[in-house]
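**Q** Please find model_18.tsv (TSV, C-alpha atoms) on the next line:
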```tsv
chain	number	residue	atom	x	y	z
A	1	MET	CA	-21.32	1.15	35.27
A	2	VAL	CA	-24.80	0.87	33.81
A	3	GLU	CA	-26.38	0.54	37.23
A	4	GLU	CA	-24.34	3.48	38.47
A	5	GLU	CA	-25.56	5.55	35.54
A	6	GLN	CA	-29.12	4.46	36.22
A	7	GLN	CA	-28.77	5.65	39.78
A	8	LEU	CA	-27.34	9.01	38.65
A	9	ILE	CA	-30.17	9.47	36.15
A	10	GLU	CA	-32.78	8.76	38.81
A	11	GLU	CA	-31.16	11.27	41.15
A	12	ALA	CA	-30.88	13.87	38.38
A	13	LYS	CA	-34.55	13.29	37.58
A	14	SER	CA	-35.46	14.25	41.11
A	15	GLY	CA	-33.47	17.46	40.80
A	16	ASN	CA	-30.02	16.45	42.09
A	17	ALA	CA	-27.64	18.82	40.29
A	18	GLU	CA	-24.55	16.99	41.56
A	19	ALA	CA	-25.71	13.74	39.95
A	20	PHE	CA	-26.36	15.54	36.67
A	21	GLY	CA	-22.91	17.15	36.99
A	22	ILE	CA	-21.30	13.70	36.98
A	23	LEU	CA	-23.28	12.75	33.86
A	24	TYR	CA	-22.27	16.07	32.34
A	25	ASN	CA	-18.56	15.35	32.93
A	26	GLN	CA	-18.96	11.95	31.34
A	27	TYR	CA	-20.82	12.95	28.20
A	28	MET	CA	-19.98	16.60	27.52
A	29	PRO	CA	-16.66	16.01	25.67
A	30	GLN	CA	-18.21	13.64	23.12
A	31	ILE	CA	-21.25	15.86	22.55
A	32	TYR	CA	-18.93	18.85	22.16
A	33	ARG	CA	-16.90	16.92	19.55
A	34	PHE	CA	-20.07	15.94	17.73
A	35	VAL	CA	-21.26	19.56	17.64
A	36	MET	CA	-17.81	20.92	16.76
A	37	LEU	CA	-17.42	18.56	13.80
A	38	ARG	CA	-20.86	19.44	12.55
A	39	VAL	CA	-20.89	23.22	12.87
A	40	GLY	CA	-17.33	23.97	11.84
A	41	SER	CA	-14.20	25.18	13.47
A	42	ASN	CA	-15.81	28.05	15.28
A	43	ARG	CA	-15.18	27.12	18.87
A	44	GLU	CA	-17.61	29.64	20.37
A	45	GLU	CA	-20.49	28.42	18.25
A	46	ALA	CA	-19.78	24.82	19.22
A	47	GLU	CA	-19.55	25.79	22.89
A	48	ASP	CA	-22.86	27.66	22.80
A	49	LEU	CA	-24.66	24.79	21.13
A	50	THR	CA	-23.14	22.20	23.47
A	51	HIS	CA	-24.20	24.29	26.43
A	52	GLU	CA	-27.74	24.52	25.04
A	53	VAL	CA	-27.84	20.75	24.65
A	54	PHE	CA	-27.00	20.20	28.31
A	55	VAL	CA	-29.35	22.93	29.56
A	56	HIS	CA	-32.13	21.23	27.59
A	57	ALA	CA	-31.09	17.83	28.96
A	58	TRP	CA	-31.07	19.08	32.56
A	59	GLN	CA	-34.45	20.76	32.18
A	60	ASN	CA	-36.06	17.77	30.54
A	61	ILE	CA	-34.42	14.85	32.30
A	62	PRO	CA	-37.53	14.31	34.51
A	63	THR	CA	-39.31	13.17	31.34
A	64	TYR	CA	-36.45	10.93	30.17
A	65	SER	CA	-37.13	7.19	29.96
A	66	GLU	CA	-34.29	4.79	29.31
A	67	ARG	CA	-35.87	2.10	27.03
A	68	GLY	CA	-32.69	0.06	26.80
A	69	PHE	CA	-30.40	2.74	25.41
A	70	PRO	CA	-27.70	4.75	27.18
A	71	LEU	CA	-28.22	8.39	28.05
A	72	SER	CA	-25.77	9.35	25.31
A	73	SER	CA	-28.26	8.40	22.57
A	74	TRP	CA	-30.76	10.86	24.06
A	75	LEU	CA	-28.08	13.55	24.26
A	76	TYR	CA	-27.05	12.91	20.64
A	77	GLN	CA	-30.67	13.26	19.59
A	78	ILE	CA	-30.94	16.62	21.36
A	79	ALA	CA	-27.64	17.74	19.83
A	80	ARG	CA	-28.66	16.68	16.36
A	81	ASN	CA	-31.99	18.54	16.56
A	82	ARG	CA	-30.23	21.59	17.98
A	83	ILE	CA	-27.71	21.60	15.10
A	84	ILE	CA	-30.46	21.24	12.50
A	85	ASP	CA	-32.28	24.21	14.09
A	86	HIS	CA	-29.03	26.14	14.19
A	87	PHE	CA	-28.41	25.75	10.47
A	88	ARG	CA	-32.03	26.49	9.67
A	89	THR	CA	-31.89	29.76	11.65
A	90	LYS	CA	-28.49	30.65	10.23
A	91	LYS	CA	-29.68	30.08	6.68
A	92	SER	CA	-32.66	32.40	7.10
A	93	ASN	CA	-30.74	35.14	8.93
A	94	VAL	CA	-27.27	35.39	7.41
A	95	PRO	CA	-26.48	36.13	3.75
A	96	LEU	CA	-24.31	33.45	2.15
A	97	ASP	CA	-21.21	35.68	1.77
A	98	ASP	CA	-21.32	36.69	5.43
A	99	TYR	CA	-21.80	33.07	6.43
A	100	ALA	CA	-18.66	32.01	4.56
A	101	ALA	CA	-16.69	34.87	6.07
A	102	SER	CA	-17.82	34.03	9.59
A	103	GLU	CA	-16.31	30.53	9.37
A	104	GLU	CA	-12.99	31.53	10.87
A	105	VAL	CA	-10.58	28.73	11.66
A	106	ASP	CA	-10.17	28.41	15.39
A	107	THR	CA	-8.33	25.17	15.86
A	108	ALA	CA	-9.39	22.78	18.57
A	109	PHE	CA	-6.36	20.49	18.29
A	110	GLY	CA	-2.96	20.54	19.85
A	111	PRO	CA	0.14	22.48	18.78
A	112	ASP	CA	1.27	20.11	15.95
A	113	VAL	CA	0.56	22.26	12.88
A	114	ASP	CA	0.75	19.51	10.22
A	115	VAL	CA	-1.56	17.18	12.09
A	116	THR	CA	-3.90	20.06	12.80
A	117	LEU	CA	-4.11	21.05	9.16
A	118	ALA	CA	-4.68	17.45	8.05
A	119	LEU	CA	-7.47	17.03	10.55
A	120	GLU	CA	-8.98	20.35	9.58
A	121	ARG	CA	-9.20	19.06	6.02
A	122	VAL	CA	-10.98	15.91	7.22
A	123	GLN	CA	-13.40	18.07	9.18
A	124	GLU	CA	-14.10	20.19	6.13
A	125	ALA	CA	-14.62	17.06	4.05
A	126	ILE	CA	-17.08	15.68	6.61
A	127	ARG	CA	-19.10	18.87	6.51
A	128	LYS	CA	-19.51	18.50	2.75
A	129	LEU	CA	-21.51	15.31	3.29
A	130	GLY	CA	-25.22	15.01	4.02
A	131	GLU	CA	-26.56	15.51	7.53
A	132	GLU	CA	-27.21	11.80	8.18
A	133	GLN	CA	-23.86	10.76	6.71
A	134	GLN	CA	-22.07	13.21	9.00
A	135	THR	CA	-23.90	11.91	12.06
A	136	VAL	CA	-23.12	8.30	11.16
A	137	LEU	CA	-19.42	8.93	10.49
A	138	ILE	CA	-18.88	10.91	13.68
A	139	MET	CA	-20.79	8.52	15.91
A	140	ARG	CA	-19.38	5.34	14.39
A	141	PHE	CA	-15.74	6.27	13.75
A	142	VAL	CA	-14.90	9.25	15.94
A	143	GLU	CA	-16.94	8.20	18.98
A	144	ASP	CA	-16.98	4.45	18.31
A	145	ARG	CA	-20.68	4.14	19.17
A	146	PRO	CA	-22.53	0.90	18.27
A	147	THR	CA	-24.74	0.79	15.18
A	148	SER	CA	-27.81	0.23	17.36
A	149	GLU	CA	-27.26	3.55	19.12
A	150	VAL	CA	-26.76	5.43	15.84
A	151	ALA	CA	-29.94	3.78	14.54
A	152	ARG	CA	-31.82	5.02	17.59
A	153	VAL	CA	-30.53	8.57	17.15
A	154	LEU	CA	-31.44	8.65	13.45
A	155	GLY	CA	-34.70	6.75	13.86
A	156	LYS	CA	-33.58	4.15	11.32
A	157	THR	CA	-32.94	0.42	11.28
A	158	GLU	CA	-29.42	-0.89	11.86
A	159	GLY	CA	-29.31	-2.11	8.27
A	160	ALA	CA	-30.16	1.35	6.99
A	161	VAL	CA	-27.43	2.85	9.18
A	162	ARG	CA	-24.86	0.41	7.74
A	163	LEU	CA	-25.91	1.48	4.27
A	164	VAL	CA	-25.58	5.17	5.14
A	165	GLN	CA	-22.17	4.40	6.69
A	166	HIS	CA	-20.97	2.66	3.55
A	167	ARG	CA	-22.09	5.54	1.35
A	168	ALA	CA	-20.66	8.13	3.73
A	169	LEU	CA	-17.22	6.49	3.72
A	170	ARG	CA	-17.23	6.31	-0.05
A	171	ALA	CA	-18.29	9.96	-0.32
A	172	LEU	CA	-15.63	11.04	2.17
A	173	ARG	CA	-12.99	9.10	0.28
A	174	ASP	CA	-14.03	10.86	-2.94
A	175	VAL	CA	-13.82	14.29	-1.28
A	176	LEU	CA	-10.40	13.50	0.21
A	177	ALA	CA	-9.26	11.61	-2.91
A	178	PRO	CA	-5.76	13.13	-3.25
A	179	GLU	CA	-4.95	12.46	0.41
A	180	VAL	CA	-6.14	8.87	0.96
B	181	MET	CA	-10.57	2.81	3.90
B	182	GLU	CA	-8.17	1.94	6.71
B	183	ILE	CA	-6.42	5.30	6.42
B	184	LEU	CA	-9.76	7.02	6.32
B	185	SER	CA	-11.08	5.42	9.49
B	186	LYS	CA	-7.72	6.12	11.18
B	187	LYS	CA	-8.02	9.79	10.25
B	188	LEU	CA	-11.57	9.84	11.61
B	189	ARG	CA	-10.46	8.25	14.88
B	190	GLU	CA	-7.85	10.99	15.25
B	191	LEU	CA	-10.65	13.53	15.40
B	192	ALA	CA	-11.39	12.20	18.88
B	193	ALA	CA	-8.51	14.44	19.94
B	194	ILE	CA	-10.88	17.41	19.81
B	195	LYS	CA	-11.52	18.49	23.38
B	196	PRO	CA	-13.43	21.32	25.00
B	197	SER	CA	-11.50	23.82	27.07
B	198	ALA	CA	-11.46	23.27	30.82
B	199	GLU	CA	-12.77	26.78	31.35
B	200	PHE	CA	-15.82	26.14	29.16
B	201	HIS	CA	-16.38	22.77	30.82
B	202	ALA	CA	-16.56	24.24	34.31
B	203	ARG	CA	-18.58	27.33	33.35
B	204	SER	CA	-21.13	25.47	31.25
B	205	ARG	CA	-21.66	22.79	33.88
B	206	MET	CA	-22.29	25.35	36.57
B	207	LEU	CA	-24.66	27.42	34.46
B	208	ALA	CA	-26.60	24.41	33.15
B	209	THR	CA	-27.33	22.99	36.57
B	210	LYS	CA	-28.31	26.41	37.91
B	211	THR	CA	-31.32	26.61	35.56
B	212	ALA	CA	-34.68	25.43	36.82
B	213	GLN	CA	-35.84	21.95	35.84
B	214	LEU	CA	-39.19	21.65	34.10
B	215	LYS	CA	-41.91	20.31	36.39
B	216	LYS	CA	-43.78	17.22	35.35
B	217	THR	CA	-47.35	17.85	34.29
B	218	ILE	CA	-50.26	15.53	35.14
B	219	TRP	CA	-50.32	14.43	31.52
B	220	MET	CA	-46.66	13.34	31.76
B	221	TYR	CA	-47.41	11.29	34.88
B	222	ALA	CA	-50.45	9.72	33.22
B	223	ARG	CA	-48.49	8.87	30.11
B	224	GLU	CA	-45.68	7.36	32.13
B	225	SER	CA	-47.93	5.24	34.34
B	226	ALA	CA	-50.20	4.10	31.54
B	227	GLY	CA	-47.33	3.24	29.21
B	228	TYR	CA	-47.71	0.02	27.34
B	229	SER	CA	-51.04	-0.99	28.85
B	230	LEU	CA	-52.69	2.09	27.38
B	231	ALA	CA	-51.12	1.37	24.01
B	232	LEU	CA	-52.32	-2.25	24.10
B	233	GLY	CA	-55.81	-1.22	25.18
B	234	LEU	CA	-56.13	1.31	22.39
B	235	GLY	CA	-54.75	-1.22	19.92
B	236	ALA	CA	-57.32	-3.82	20.95
B	237	LEU	CA	-60.13	-1.25	20.72
B	238	LEU	CA	-58.99	-0.23	17.27
B	239	LEU	CA	-58.91	-3.87	16.19
B	240	LEU	CA	-62.46	-4.45	17.44
B	241	VAL	CA	-63.75	-1.33	15.74
B	242	GLY	CA	-61.93	-2.33	12.56
B	243	LEU	CA	-63.37	-5.83	12.53
B	244	GLY	CA	-66.83	-4.45	13.27
B	245	GLN	CA	-66.55	-2.18	10.27
B	246	PHE	CA	-65.50	-5.05	8.06
B	247	SER	CA	-68.55	-7.14	8.96
B	248	TYR	CA	-70.78	-4.09	8.60
B	249	LEU	CA	-69.51	-3.52	5.10
B	250	ARG	CA	-69.76	-7.28	4.37
B	251	LEU	CA	-66.37	-7.38	2.78
B	252	ASN	CA	-65.83	-10.96	1.68
B	253	GLY	CA	-62.61	-12.38	2.94
B	254	PHE	CA	-62.31	-9.83	5.77
B	255	SER	CA	-65.48	-10.18	7.77
B	256	PRO	CA	-65.12	-12.82	10.51
B	257	SER	CA	-68.85	-13.55	10.45
B	258	VAL	CA	-68.69	-14.43	6.76
B	259	ILE	CA	-65.62	-16.60	7.27
B	260	GLY	CA	-67.35	-18.41	10.19
B	261	SER	CA	-70.43	-19.24	8.14
B	262	LEU	CA	-68.26	-20.79	5.45
B	263	GLN	CA	-67.02	-23.61	7.66
B	264	THR	CA	-68.09	-26.81	5.92
B	265	LYS	CA	-68.34	-28.94	9.09
B	266	THR	CA	-70.85	-26.55	10.62
B	267	LEU	CA	-72.86	-26.48	7.43
B	268	ILE	CA	-73.03	-30.33	7.24
B	269	ALA	CA	-74.09	-30.57	10.89
B	270	GLU	CA	-76.80	-27.97	10.33
B	271	GLU	CA	-78.09	-29.85	7.29
B	272	ALA	CA	-78.22	-33.16	9.19
B	273	GLN	CA	-80.11	-31.49	12.02
B	274	ILE	CA	-82.76	-30.11	9.63
B	275	ASP	CA	-83.10	-33.48	7.87
B	276	PHE	CA	-83.54	-35.26	11.20
B	277	SER	CA	-86.23	-32.81	12.28
B	278	LEU	CA	-88.16	-33.44	9.05
B	279	HIS	CA	-88.08	-37.22	9.60
B	280	ILE	CA	-89.46	-36.82	13.11
B	281	ALA	CA	-92.25	-34.57	11.79
B	282	ASP	CA	-93.18	-37.20	9.17
B	283	ALA	CA	-93.24	-39.99	11.75
B	284	THR	CA	-95.45	-37.97	14.10
B	285	TYR	CA	-97.87	-37.15	11.31
B	286	PHE	CA	-97.99	-40.80	10.21
B	287	ASN	CA	-98.57	-41.94	13.78
B	288	GLU	CA	-101.44	-39.51	14.23
B	289	THR	CA	-103.21	-40.15	10.92
B	290	ALA	CA	-102.54	-43.82	10.11
B	291	THR	CA	-105.37	-45.26	12.28
B	292	ILE	CA	-107.88	-42.69	11.03
B	293	VAL	CA	-107.00	-43.30	7.40
B	294	ALA	CA	-107.14	-47.11	7.88
B	295	THR	CA	-110.59	-46.82	9.47
B	296	ALA	CA	-111.80	-44.56	6.67
B	297	LEU	CA	-110.57	-46.97	4.02
B	298	LYS	CA	-112.33	-49.88	5.80
B	299	ILE	CA	-115.55	-47.90	5.78
B	300	ILE	CA	-115.19	-47.17	2.08
B	301	ARG	CA	-114.54	-50.84	1.33
B	302	ASP	CA	-117.48	-52.07	3.43
B	303	GLU	CA	-119.95	-49.48	2.22
B	304	ASN	CA	-118.95	-49.70	-1.42
B	305	PRO	CA	-118.41	-53.31	-2.25
B	306	ASP	CA	-118.31	-52.48	-5.92
B	307	HIS	CA	-115.14	-50.52	-5.56
B	308	VAL	CA	-113.11	-50.82	-8.67
B	309	ASN	CA	-109.84	-51.57	-6.99
B	310	ASP	CA	-110.52	-53.59	-3.91
B	311	ALA	CA	-107.10	-55.17	-3.80
B	312	VAL	CA	-105.37	-51.82	-3.58
B	313	LEU	CA	-107.58	-50.72	-0.74
B	314	GLU	CA	-106.88	-53.92	1.14
B	315	ARG	CA	-103.16	-53.45	0.79
B	316	GLU	CA	-103.36	-49.82	1.97
B	317	ILE	CA	-105.30	-50.76	5.04
B	318	LYS	CA	-102.82	-53.45	5.94
B	319	SER	CA	-99.83	-51.20	5.55
B	320	LEU	CA	-101.37	-48.46	7.67
B	321	GLU	CA	-102.33	-50.89	10.42
B	322	HIS	CA	-98.84	-52.35	10.63
B	323	GLY	CA	-97.12	-48.97	10.39
B	324	LEU	CA	-95.18	-50.05	7.34
B	325	PRO	CA	-94.00	-47.59	4.70
B	326	LYS	CA	-96.35	-47.04	1.87
B	327	ALA	CA	-96.07	-49.68	-0.86
B	328	PRO	CA	-95.63	-48.60	-4.45
B	329	GLN	CA	-98.95	-48.10	-6.05
B	330	ASN	CA	-99.51	-50.01	-9.26
B	331	LEU	CA	-102.98	-49.06	-10.22
```
Translate the structure described by the file into structure tokens.

**A**
Amino acid sequence: MVEEEQQLIEEAKSGNAEAFGILYNQYMPQIYRFVMLRVGSNREEAEDLTHEVFVHAWQNIPTYSERGFPLSSWLYQIARNRIIDHFRTKKSNVPLDDYAASEEVDTAFGPDVDVTLALERVQEAIRKLGEEQQTVLIMRFVEDRPTSEVARVLGKTEGAVRLVQHRALRALRDVLAPEV
Amino acid sequence: MEILSKKLRELAAIKPSAEFHARSRMLATKTAQLKKTIWMYARESAGYSLALGLGALLLLVGLGQFSYLRLNGFSPSVIGSLQTKTLIAEEAQIDFSLHIADATYFNETATIVATALKIIRDENPDHVNDAVLEREIKSLEHGLPKAPQNL
């Protein structure tokens, strides 16, 4: 699998769109989830940002160097930076009242209403945490990524990531206190 | 915590729409890739060797500065000169050189001095301390170290 991915990356680096398409199919759903959980339940916003992440990845893949980590860590880094920029731009452009009003609920889950609502609450709770805590929780628990990869994305040591994870879980539990 | 992590795992059910997936993939791969610049190639090929080279250069410059400033405890030249073995060897070498210089001088002057003393003894028989002169002459002729003088 790793060798296959290596081969696809090399081909994508030399401009093979088909090879990049395979990598896109593999990683897009998890990057979309990451973006969706971070920016809110606005599906269009999450789609736009996810698209931007992959356009950036395709344009810059010739400069990508592996250094012992999977391509996903690079994609998460791009996504994270893109989200930070997104919030920065949004903060400077949109008044707070408009911002709150624009957060319409556009569910991304299946038809089960109870489950959907419960998960919406978890999403909302996640978004109340700090930026690093959100990244750690999503990558570690939703995507089941190893600590080393999260550390690479955040530019921290694995020990520091474990600490952030511990604090994030505690904070999330406090936010969701009546439910868990 | 178990319930919490279970709830988080359930969020993996979030999925993009198939329509978005297909459209985004097509549009993304249709954009032009950025071309590599010469600088990118240079950086890639140099890689770690460049980093090591610059690191070594920095170290050399740093050490040079330390010795220039004569910071005790940092300058390698100061630390080198404080090695006791080297100092002892240097001292022995100097001592040995002094002994050789003394021996050479003695060798060159002993005969002349002995002759001069003989002349003094012969020409001045009334010399107050004839015994001392005699002993000096003998010691110089035999190359023996100078005897203590009890005048």

**Q** When you draw a straight line from atom CA of A:Gly15 to atom CA of A:Arg80, how long is it in Å?

**A**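 Between these atoms lies a distance of 24.9 Å.
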
**Q** Hey, list the chain B side of the contact with chain A: 12 Å cut-off, all atoms listed in the file, answer as a PyMOL selection string.

**A** chain B and resi 181-225+227

**Q** Work out how far atom CA of B:Phe286 is from atom CA of B:Val312, in Å to one decimal.

**A**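 Computed distance, atom CA of B:Val312 to atom CA of B:Phe286, equals 19.1 Å.
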
**Q** In Å to one decimal, how far is atom CA of B:Leu234 from atom CA of A:Ser73?

**A**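 We find that atom CA of A:Ser73 and atom CA of B:Leu234 lie 28.8 Å from each other.
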
**Q** Between B:Leu243, B:Leu237, B:Ala269, B:Leu313, which residue has the minimum interatomic distance to B:Ala294, considering all atoms listed in the file?

**A** B:Leu313
